[in-house]
Every structure is written in structure tokens, then in C-alpha cells.
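Have a look at protein38.txt below; it lists compact mmCIF, C-alpha atoms.
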```
# COMPACT_ATOMS: atom_id res chain seq x y z
CA ALA A 1 65.86 126.57 106.78
CA ILE A 2 68.22 127.36 109.65
CA HIS A 3 71.05 124.93 110.27
CA SER A 4 72.60 123.60 113.45
CA GLU A 5 75.70 121.69 114.42
CA SER A 6 74.60 118.63 116.37
CA LEU A 7 77.22 115.90 116.49
CA HIS A 8 76.57 115.30 120.18
CA GLY A 9 73.60 117.54 120.82
CA ALA A 10 71.95 120.61 119.37
CA SER A 11 74.15 123.69 119.53
CA HIS A 12 72.01 125.73 121.89
CA GLU A 13 72.96 126.50 125.47
CA THR A 14 69.77 124.99 126.93
CA ASP A 15 69.92 121.70 124.99
CA THR A 16 71.25 118.33 126.09
CA VAL A 17 74.96 117.59 125.74
CA PHE A 18 75.47 113.92 124.88
CA PRO A 19 78.76 111.98 124.70
CA GLN A 20 80.87 112.91 121.70
CA SER A 21 80.65 110.65 118.63
CA ILE A 22 83.84 108.71 119.39
CA GLY A 23 82.29 107.67 122.70
CA MET A 24 79.04 106.66 121.05
CA GLY A 25 81.02 104.65 118.51
CA ALA A 26 82.77 102.81 121.33
CA THR A 27 79.40 101.49 122.52
CA PHE A 28 78.46 100.13 119.07
CA ASN A 29 74.91 100.29 120.39
CA ARG A 30 72.55 101.15 117.56
CA GLU A 31 69.49 101.48 119.79
CA LEU A 32 71.30 103.87 122.12
CA MET A 33 72.39 105.88 119.09
CA ARG A 34 68.81 106.03 117.85
CA ALA A 35 67.55 107.17 121.25
CA VAL A 36 70.18 109.91 121.49
CA ALA A 37 69.63 111.06 117.90
CA THR A 38 65.85 111.10 118.33
CA GLN A 39 66.24 113.47 121.27
CA ILE A 40 68.71 115.60 119.31
CA GLY A 41 66.18 115.83 116.49
CA LYS A 42 63.42 116.88 118.87
CA GLU A 43 65.56 119.59 120.44
CA VAL A 44 66.83 120.85 117.08
CA LYS A 45 63.25 121.08 115.78
CA ALA A 46 62.06 122.80 118.96
CA GLY A 47 64.78 125.40 118.42
CA GLY A 48 63.39 126.22 114.99
CA ASN A 49 66.05 124.47 112.92
CA ASP A 50 65.42 122.28 109.89
CA LEU A 51 68.92 120.98 109.11
CA VAL A 52 71.86 119.52 111.03
CA TYR A 53 75.44 119.22 109.83
CA ALA A 54 75.80 115.67 111.04
CA PRO A 55 76.68 112.87 111.28
CA ASN A 56 80.42 112.94 110.68
CA LEU A 57 81.11 109.78 108.66
CA ASP A 58 84.84 110.36 108.24
CA LEU A 59 86.98 107.38 109.17
CA SER A 60 89.70 108.33 111.65
CA ARG A 61 92.64 106.54 110.09
CA ASP A 62 95.35 108.72 111.65
CA PRO A 63 95.26 109.46 115.41
CA ARG A 64 97.13 112.73 114.83
CA TRP A 65 94.10 114.20 113.06
CA GLY A 66 92.47 116.79 115.29
CA ARG A 67 88.85 115.96 114.52
CA THR A 68 88.92 112.32 115.57
CA GLU A 69 86.46 112.89 118.41
CA GLU A 70 83.78 113.91 115.90
CA THR A 71 83.81 110.47 114.29
CA TYR A 72 82.64 107.01 115.28
CA GLY A 73 86.15 105.60 114.79
CA GLU A 74 88.22 103.98 112.08
CA ASP A 75 85.98 101.10 110.98
CA PRO A 76 83.70 101.49 107.94
CA TYR A 77 81.09 98.98 109.11
CA LEU A 78 80.73 100.44 112.60
CA THR A 79 80.64 103.97 111.20
CA SER A 80 78.00 102.97 108.64
CA GLU A 81 75.77 101.36 111.25
CA MET A 82 76.00 104.22 113.74
CA GLY A 83 75.64 106.82 111.01
CA VAL A 84 72.52 105.24 109.54
CA ALA A 85 70.98 104.97 113.01
CA TYR A 86 71.69 108.66 113.64
CA ILE A 87 70.29 109.78 110.29
CA GLN A 88 67.10 107.75 110.49
CA ALA A 89 66.39 108.93 114.03
CA VAL A 90 67.05 112.63 113.44
CA GLN A 91 65.11 112.67 110.17
CA SER A 92 62.18 110.95 111.87
CA GLN A 93 61.78 114.27 113.70
CA LYS A 94 61.41 116.21 110.42
CA VAL A 95 64.97 117.52 110.58
CA ALA A 96 67.26 116.97 107.58
CA CYS A 97 70.73 115.48 108.05
CA CYS A 98 73.78 116.59 106.09
CA ALA A 99 76.36 113.79 106.36
CA LYS A 100 79.98 114.94 106.19
CA HIS A 101 82.76 115.14 104.97
CA TYR A 102 82.58 113.32 101.65
CA LEU A 103 85.21 111.85 100.87
CA ALA A 104 88.36 110.64 102.73
CA TYR A 105 88.60 113.73 104.95
CA GLY A 106 89.64 111.65 107.95
CA SER A 107 92.79 110.36 106.25
CA PRO A 108 94.82 113.54 105.69
CA GLU A 109 98.50 113.46 104.85
CA GLY A 110 100.53 113.72 108.05
CA GLY A 111 97.36 113.88 110.14
CA LEU A 112 97.02 117.58 109.30
CA ASN A 113 93.50 118.93 108.96
CA LEU A 114 92.76 120.09 105.37
CA ALA A 115 95.81 118.23 104.05
CA PRO A 116 95.40 116.11 100.91
CA ALA A 117 94.13 112.55 101.20
CA HIS A 118 95.70 109.72 99.21
CA ALA A 119 93.79 106.54 98.42
CA GLY A 120 93.58 104.16 95.49
CA GLN A 121 90.32 102.98 93.99
CA ARG A 122 90.21 99.80 96.05
CA GLU A 123 90.68 101.58 99.40
CA MET A 124 88.21 104.28 98.40
CA ARG A 125 85.51 101.81 97.41
CA GLU A 126 86.04 99.15 100.08
CA VAL A 127 86.73 101.48 103.01
CA LEU A 128 86.38 105.25 102.71
CA MET A 129 83.18 105.65 100.73
CA VAL A 130 81.22 102.85 102.44
CA PRO A 131 79.64 104.95 105.24
CA PHE A 132 78.54 107.63 102.76
CA GLN A 133 77.06 105.10 100.38
CA LYS A 134 75.12 103.52 103.26
CA ALA A 135 74.01 106.97 104.43
CA VAL A 136 72.44 107.49 101.02
CA THR A 137 71.06 104.04 100.26
CA GLU A 138 69.94 103.01 103.78
CA GLY A 139 69.83 106.19 105.83
CA LYS A 140 68.24 108.29 103.05
CA THR A 141 70.21 111.32 104.19
CA MET A 142 68.83 114.50 102.72
CA GLY A 143 72.19 116.26 102.52
CA ILE A 144 75.85 115.57 101.83
CA MET A 145 78.72 117.93 102.63
CA PRO A 146 81.92 117.53 100.60
CA SER A 147 85.37 117.63 102.13
CA TYR A 148 87.49 120.78 102.14
CA SER A 149 90.44 118.73 100.96
CA GLU A 150 91.49 116.95 97.82
CA LEU A 151 91.58 113.23 97.09
CA ASP A 152 94.56 112.25 94.97
CA GLY A 153 94.88 115.78 93.70
CA GLU A 154 91.17 116.29 93.00
CA PRO A 155 89.47 118.94 95.23
CA LEU A 156 86.13 117.51 96.32
CA HIS A 157 84.18 120.76 95.96
CA GLY A 158 85.25 120.95 92.33
CA SER A 159 84.91 117.31 91.34
CA ARG A 160 81.99 116.41 89.08
CA ARG A 161 83.34 112.86 88.96
CA LEU A 162 82.88 112.46 92.72
CA LEU A 163 79.91 114.75 93.40
CA THR A 164 77.76 113.89 90.38
CA ASP A 165 78.98 110.73 88.64
CA LEU A 166 79.67 108.76 91.85
CA LEU A 167 77.40 110.34 94.45
CA ARG A 168 74.33 110.92 92.31
CA GLY A 169 74.88 108.52 89.44
CA GLU A 170 76.16 105.48 91.30
CA PHE A 171 74.80 105.97 94.83
CA GLY A 172 71.51 107.42 93.63
CA PHE A 173 71.66 110.47 95.91
CA GLU A 174 68.80 112.89 95.23
CA GLY A 175 69.27 115.37 98.07
CA GLN A 176 71.27 118.57 98.43
CA VAL A 177 75.05 118.85 98.25
CA ILE A 178 75.89 121.61 100.73
CA SER A 179 79.29 123.27 100.67
CA ASP A 180 81.38 123.44 103.81
CA TYR A 181 82.11 126.87 105.29
CA GLY A 182 84.36 128.80 102.92
CA ALA A 183 85.08 125.71 100.81
CA VAL A 184 84.07 127.24 97.49
CA PRO A 185 86.40 130.26 97.87
CA MET A 186 89.09 127.77 98.91
CA LEU A 187 88.99 126.37 95.38
CA LYS A 188 90.76 129.65 94.56
CA SER A 189 92.80 130.40 97.68
CA CYS A 190 93.87 126.86 98.59
CA HIS A 191 93.49 124.63 95.53
CA HIS A 192 94.25 127.29 92.89
CA LEU A 193 91.76 125.95 90.36
CA ALA A 194 91.20 129.48 89.06
CA GLU A 195 91.97 133.10 89.98
CA ASP A 196 88.52 134.47 89.22
CA PRO A 197 86.02 133.98 92.09
CA ALA A 198 83.19 133.67 89.57
CA LYS A 199 85.09 130.91 87.81
CA VAL A 200 85.59 128.83 90.96
CA GLY A 201 81.92 129.36 91.72
CA SER A 202 80.99 127.97 88.33
CA ILE A 203 83.36 125.02 88.85
CA ALA A 204 81.62 124.19 92.14
CA LEU A 205 78.15 124.51 90.61
CA TYR A 206 79.09 122.31 87.68
CA ALA A 207 80.56 119.71 90.04
```

Can the structure from this file be put into C-alpha cells for me?
Amino acid sequence: AIHSESLHGASHETDTVFPQSIGMGATFNRELMRAVATQIGKEVKAGGNDLVYAPNLDLSRDPRWGRTEETYGEDPYLTSEMGVAYIQAVQSQKVACCAKHYLAYGSPEGGLNLAPAHAGQREMREVLMVPFQKAVTEGKTMGIMPSYSELDGEPLHGSRRLLTDLLRGEFGFEGQVISDYGAVPMLKSCHHLAEDPAKVGSIALYA
């Protein structure tokens, strides 16, 4: 399988460039989202790709965060609805979706990308995890990408509690968990979970 970035169109120079996700979110038009995502799926498949790293289901809770335009906005219901529409449409074209970035990536401390996220259980369950849960239970997404960052001191790529117990055990996710670029080595270089690269690899696999 060859992957593609496709938040607002397949990442090939000859493919259609659609409005960025924040603009699509502003429409709150599920049918328009499905039409756009169906075309994205067709173009991705025609380019020989089987997997897209999309949709971005992060909730933009801080306008200082530099990846706001990749999201559908700050609301969990709107994001869930648009995300499910995207996933169902792309996957109808035999292209797998990998929804990202699980969990709370859009709420970094100080609005700084990769900074830690802080959220209690109520906010996590009632707000931040809702779009991902819907992506699994309604959208049937075939992939989930964890966040680079940590949630209340727990790095997502090394968290069995969040990647297995919650995602697979509670949500019922049966697809692939796909690491973000360089995120496993970052368990060593950024999160300092271990000094041995093999050890951080085993932590990620166990998670």
C-alpha cells in the first residue's frame, strides 16, 4: 500500500485542489463533503494509492495552533459529522482512511504544535474523543494515527491505556494504528521514555 496526504485533495500535481478542511467545516454540508471526498477517493485510487492520512479530527480549541486549517473547527458534533462523511465517501472508493491525530492534538499548551495537551476525563470523553469514536463506530475508519504529543503526561504513541484499552476495547476499533512520521523515535528524543531505541520500539508495539 502506498499512502497519500489528502485533507483537501490528493497530493499529486495533476489532482483537484478542494477548499481546505476549515472551509468545508464552515459549510456544515454533509452531502458536499461526501461529493468532495468521493472525488478525492477516485483520484487517490487512480494514482495507485490505497491509504490516505485523513481526515484530521482534531478539535481546534486554540486559534494560535498552526494546524487549525486542517480541521473542521472546534465543535465535536460538526467535526464528527463531517469526518464520518469524508471517511465513508473515500472508503467507498476502496481507499482506506487513517483518521488523525488521536487524541487531543488540537489543544496544545500555549497553542504550540507538539506541546502537551491537558484535559480531564470529562472533557476528554464529552469533547475531545467524540469525533474519533464516531469515526470508528459510524465511519468504520480502517486506520487511526496517534498524536505526537502527550495527554496529561502520557505520550499517545506509548499509551496502551489509550491505544488498546480505550480505542480497541471500548470503541471496538479493529483496523490499523499507524504511527505518525518519526513519532516512535520521539518517544526517546522528546518524551524520554527510554534511551534505547529498541526499548521505545517495544513500548510502541505493546501500546

With a cut-off of 7 Å, could you pull out the residues of stretch 99-197 of chain A touching stretch 51-56 of chain A and give me the nearest pair of atoms for each, distance in Å to one decimal, using only C-alpha atoms, ordered by chain and ascending number, as a tab-separated table?
```
residue	atom	partner	partner_atom	distance
A:Ala99	CA	A:Pro55	CA	5.0
A:Lys100	CA	A:Asn56	CA	4.9
A:His101	CA	A:Asn56	CA	6.6
```

Quick one: residues within 12 Å of stretch 152-166 of chain A, only C-alpha atoms counted, chain neighbours fewer than 5 positions away excluded, as a PyMOL selection string? chain A and resi 100-105+107-109+114-121+124-125+129+132-133+136+144-147+171-188+190-194+199-207

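Nearest residue to A:Val95 among A:Lys140, A:Lys42, A:Arg34, A:His12 is A:Lys42, counting only C-alpha atoms.
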
To one decimal place, how far is atom CA of A:Leu167 from atom CA of A:Gly139 in Å? 14.3 Å

Between A:Gln88, A:Thr71, A:Ser6, A:Ser60, which is the closest to A:Gly111 once you count only C-alpha atoms?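 Looking at the shortest contact to A:Gly111, the residue is A:Ser60.
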
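Atom CA of A:Glu74 is positioned 24.3 Å from atom CA of A:Thr38.
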
Excluding A:Gln39 and its own-chain neighbours fewer than 3 positions away, which residues fall within 9 Å of it when counting only C-alpha atoms? Please give them as a ChimeraX atom specification. /A:9,16,34-36,42-44,89-90,93

Could you jot down the atom CA of A:Arg122 to atom CA of A:Val84 separation for me, Å, one decimal place?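 These atoms are spaced 22.9 Å apart.
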
Output: stretch 97-119 of chain A of the preceding structure, restricted to N, CA, C and O atoms, written as a PDB file, in the first residue's frame.
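Saved as decode.pdb:
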```
ATOM      1  N   CYS A  97      -8.981   5.042   4.987  1.00  0.00           N
ATOM      2  CA  CYS A  97      -8.728   6.297   5.695  1.00  0.00           C
ATOM      3  C   CYS A  97      -7.969   6.024   6.983  1.00  0.00           C
ATOM      4  O   CYS A  97      -8.186   5.007   7.643  1.00  0.00           O
ATOM      5  N   CYS A  98      -7.081   6.944   7.337  1.00  0.00           N
ATOM      6  CA  CYS A  98      -6.392   6.902   8.618  1.00  0.00           C
ATOM      7  C   CYS A  98      -6.700   8.217   9.326  1.00  0.00           C
ATOM      8  O   CYS A  98      -6.094   9.258   9.029  1.00  0.00           O
ATOM      9  N   ALA A  99      -7.690   8.201  10.216  1.00  0.00           N
ATOM     10  CA  ALA A  99      -8.112   9.410  10.926  1.00  0.00           C
ATOM     11  C   ALA A  99      -7.040   9.824  11.937  1.00  0.00           C
ATOM     12  O   ALA A  99      -6.445   8.989  12.602  1.00  0.00           O
ATOM     13  N   LYS A 100      -6.815  11.126  12.044  1.00  0.00           N
ATOM     14  CA  LYS A 100      -5.746  11.636  12.905  1.00  0.00           C
ATOM     15  C   LYS A 100      -6.191  12.912  13.616  1.00  0.00           C
ATOM     16  O   LYS A 100      -7.208  13.510  13.237  1.00  0.00           O
ATOM     17  N   HIS A 101      -5.519  13.341  14.665  1.00  0.00           N
ATOM     18  CA  HIS A 101      -4.434  12.726  15.425  1.00  0.00           C
ATOM     19  C   HIS A 101      -5.001  12.403  16.803  1.00  0.00           C
ATOM     20  O   HIS A 101      -5.272  13.320  17.582  1.00  0.00           O
ATOM     21  N   TYR A 102      -5.185  11.166  17.075  1.00  0.00           N
ATOM     22  CA  TYR A 102      -5.797  10.647  18.286  1.00  0.00           C
ATOM     23  C   TYR A 102      -4.778  10.761  19.429  1.00  0.00           C
ATOM     24  O   TYR A 102      -3.741  10.132  19.376  1.00  0.00           O
ATOM     25  N   LEU A 103      -4.939  11.617  20.384  1.00  0.00           N
ATOM     26  CA  LEU A 103      -6.141  12.226  20.946  1.00  0.00           C
ATOM     27  C   LEU A 103      -5.749  13.577  21.535  1.00  0.00           C
ATOM     28  O   LEU A 103      -4.696  13.669  22.145  1.00  0.00           O
ATOM     29  N   ALA A 104      -6.554  14.621  21.346  1.00  0.00           N
ATOM     30  CA  ALA A 104      -6.380  15.945  21.947  1.00  0.00           C
ATOM     31  C   ALA A 104      -5.236  16.749  21.338  1.00  0.00           C
ATOM     32  O   ALA A 104      -4.763  17.706  21.945  1.00  0.00           O
ATOM     33  N   TYR A 105      -4.812  16.394  20.125  1.00  0.00           N
ATOM     34  CA  TYR A 105      -3.685  17.082  19.495  1.00  0.00           C
ATOM     35  C   TYR A 105      -3.982  18.553  19.203  1.00  0.00           C
ATOM     36  O   TYR A 105      -3.072  19.377  19.153  1.00  0.00           O
ATOM     37  N   GLY A 106      -5.246  18.879  19.000  1.00  0.00           N
ATOM     38  CA  GLY A 106      -5.617  20.248  18.658  1.00  0.00           C
ATOM     39  C   GLY A 106      -5.770  21.173  19.840  1.00  0.00           C
ATOM     40  O   GLY A 106      -6.207  22.312  19.679  1.00  0.00           O
ATOM     41  N   SER A 107      -5.392  20.703  21.023  1.00  0.00           N
ATOM     42  CA  SER A 107      -5.497  21.532  22.237  1.00  0.00           C
ATOM     43  C   SER A 107      -4.145  21.610  22.948  1.00  0.00           C
ATOM     44  O   SER A 107      -4.043  21.331  24.139  1.00  0.00           O
ATOM     45  N   PRO A 108      -3.084  22.014  22.229  1.00  0.00           N
ATOM     46  CA  PRO A 108      -1.765  22.014  22.853  1.00  0.00           C
ATOM     47  C   PRO A 108      -1.566  23.192  23.804  1.00  0.00           C
ATOM     48  O   PRO A 108      -2.153  24.262  23.615  1.00  0.00           O
ATOM     49  N   GLU A 109      -0.758  22.979  24.785  1.00  0.00           N
ATOM     50  CA  GLU A 109      -0.438  24.040  25.742  1.00  0.00           C
ATOM     51  C   GLU A 109       0.184  25.231  25.011  1.00  0.00           C
ATOM     52  O   GLU A 109       1.124  25.079  24.230  1.00  0.00           O
ATOM     53  N   GLY A 110      -0.378  26.408  25.234  1.00  0.00           N
ATOM     54  CA  GLY A 110       0.137  27.621  24.617  1.00  0.00           C
ATOM     55  C   GLY A 110      -0.092  27.714  23.128  1.00  0.00           C
ATOM     56  O   GLY A 110       0.443  28.608  22.466  1.00  0.00           O
ATOM     57  N   GLY A 111      -0.862  26.781  22.553  1.00  0.00           N
ATOM     58  CA  GLY A 111      -1.087  26.794  21.115  1.00  0.00           C
ATOM     59  C   GLY A 111       0.105  26.316  20.309  1.00  0.00           C
ATOM     60  O   GLY A 111       0.130  26.461  19.085  1.00  0.00           O
ATOM     61  N   LEU A 112       1.110  25.746  20.977  1.00  0.00           N
ATOM     62  CA  LEU A 112       2.333  25.316  20.304  1.00  0.00           C
ATOM     63  C   LEU A 112       2.198  23.891  19.791  1.00  0.00           C
ATOM     64  O   LEU A 112       1.883  22.974  20.554  1.00  0.00           O
ATOM     65  N   ASN A 113       2.456  23.689  18.509  1.00  0.00           N
ATOM     66  CA  ASN A 113       2.382  22.353  17.940  1.00  0.00           C
ATOM     67  C   ASN A 113       3.352  21.421  18.660  1.00  0.00           C
ATOM     68  O   ASN A 113       4.491  21.791  18.941  1.00  0.00           O
ATOM     69  N   LEU A 114       2.909  20.216  18.955  1.00  0.00           N
ATOM     70  CA  LEU A 114       3.632  19.167  19.678  1.00  0.00           C
ATOM     71  C   LEU A 114       3.640  19.372  21.184  1.00  0.00           C
ATOM     72  O   LEU A 114       4.105  18.504  21.921  1.00  0.00           O
ATOM     73  N   ALA A 115       3.144  20.508  21.663  1.00  0.00           N
ATOM     74  CA  ALA A 115       3.131  20.744  23.109  1.00  0.00           C
ATOM     75  C   ALA A 115       2.134  19.805  23.792  1.00  0.00           C
ATOM     76  O   ALA A 115       1.205  19.298  23.160  1.00  0.00           O
ATOM     77  N   PRO A 116       2.319  19.568  25.082  1.00  0.00           N
ATOM     78  CA  PRO A 116       1.399  18.677  25.799  1.00  0.00           C
ATOM     79  C   PRO A 116      -0.032  19.198  25.789  1.00  0.00           C
ATOM     80  O   PRO A 116      -0.277  20.408  25.736  1.00  0.00           O
ATOM     81  N   ALA A 117      -0.970  18.268  25.840  1.00  0.00           N
ATOM     82  CA  ALA A 117      -2.388  18.613  25.973  1.00  0.00           C
ATOM     83  C   ALA A 117      -2.831  18.272  27.390  1.00  0.00           C
ATOM     84  O   ALA A 117      -2.344  17.307  27.990  1.00  0.00           O
ATOM     85  N   HIS A 118      -3.728  19.074  27.931  1.00  0.00           N
ATOM     86  CA  HIS A 118      -4.223  18.865  29.290  1.00  0.00           C
ATOM     87  C   HIS A 118      -5.742  18.791  29.248  1.00  0.00           C
ATOM     88  O   HIS A 118      -6.398  19.720  28.783  1.00  0.00           O
ATOM     89  N   ALA A 119      -6.297  17.693  29.708  1.00  0.00           N
ATOM     90  CA  ALA A 119      -7.753  17.546  29.716  1.00  0.00           C
ATOM     91  C   ALA A 119      -8.137  16.499  30.755  1.00  0.00           C
ATOM     92  O   ALA A 119      -7.510  15.442  30.843  1.00  0.00           O
TER      93      ALA A 119
END
```
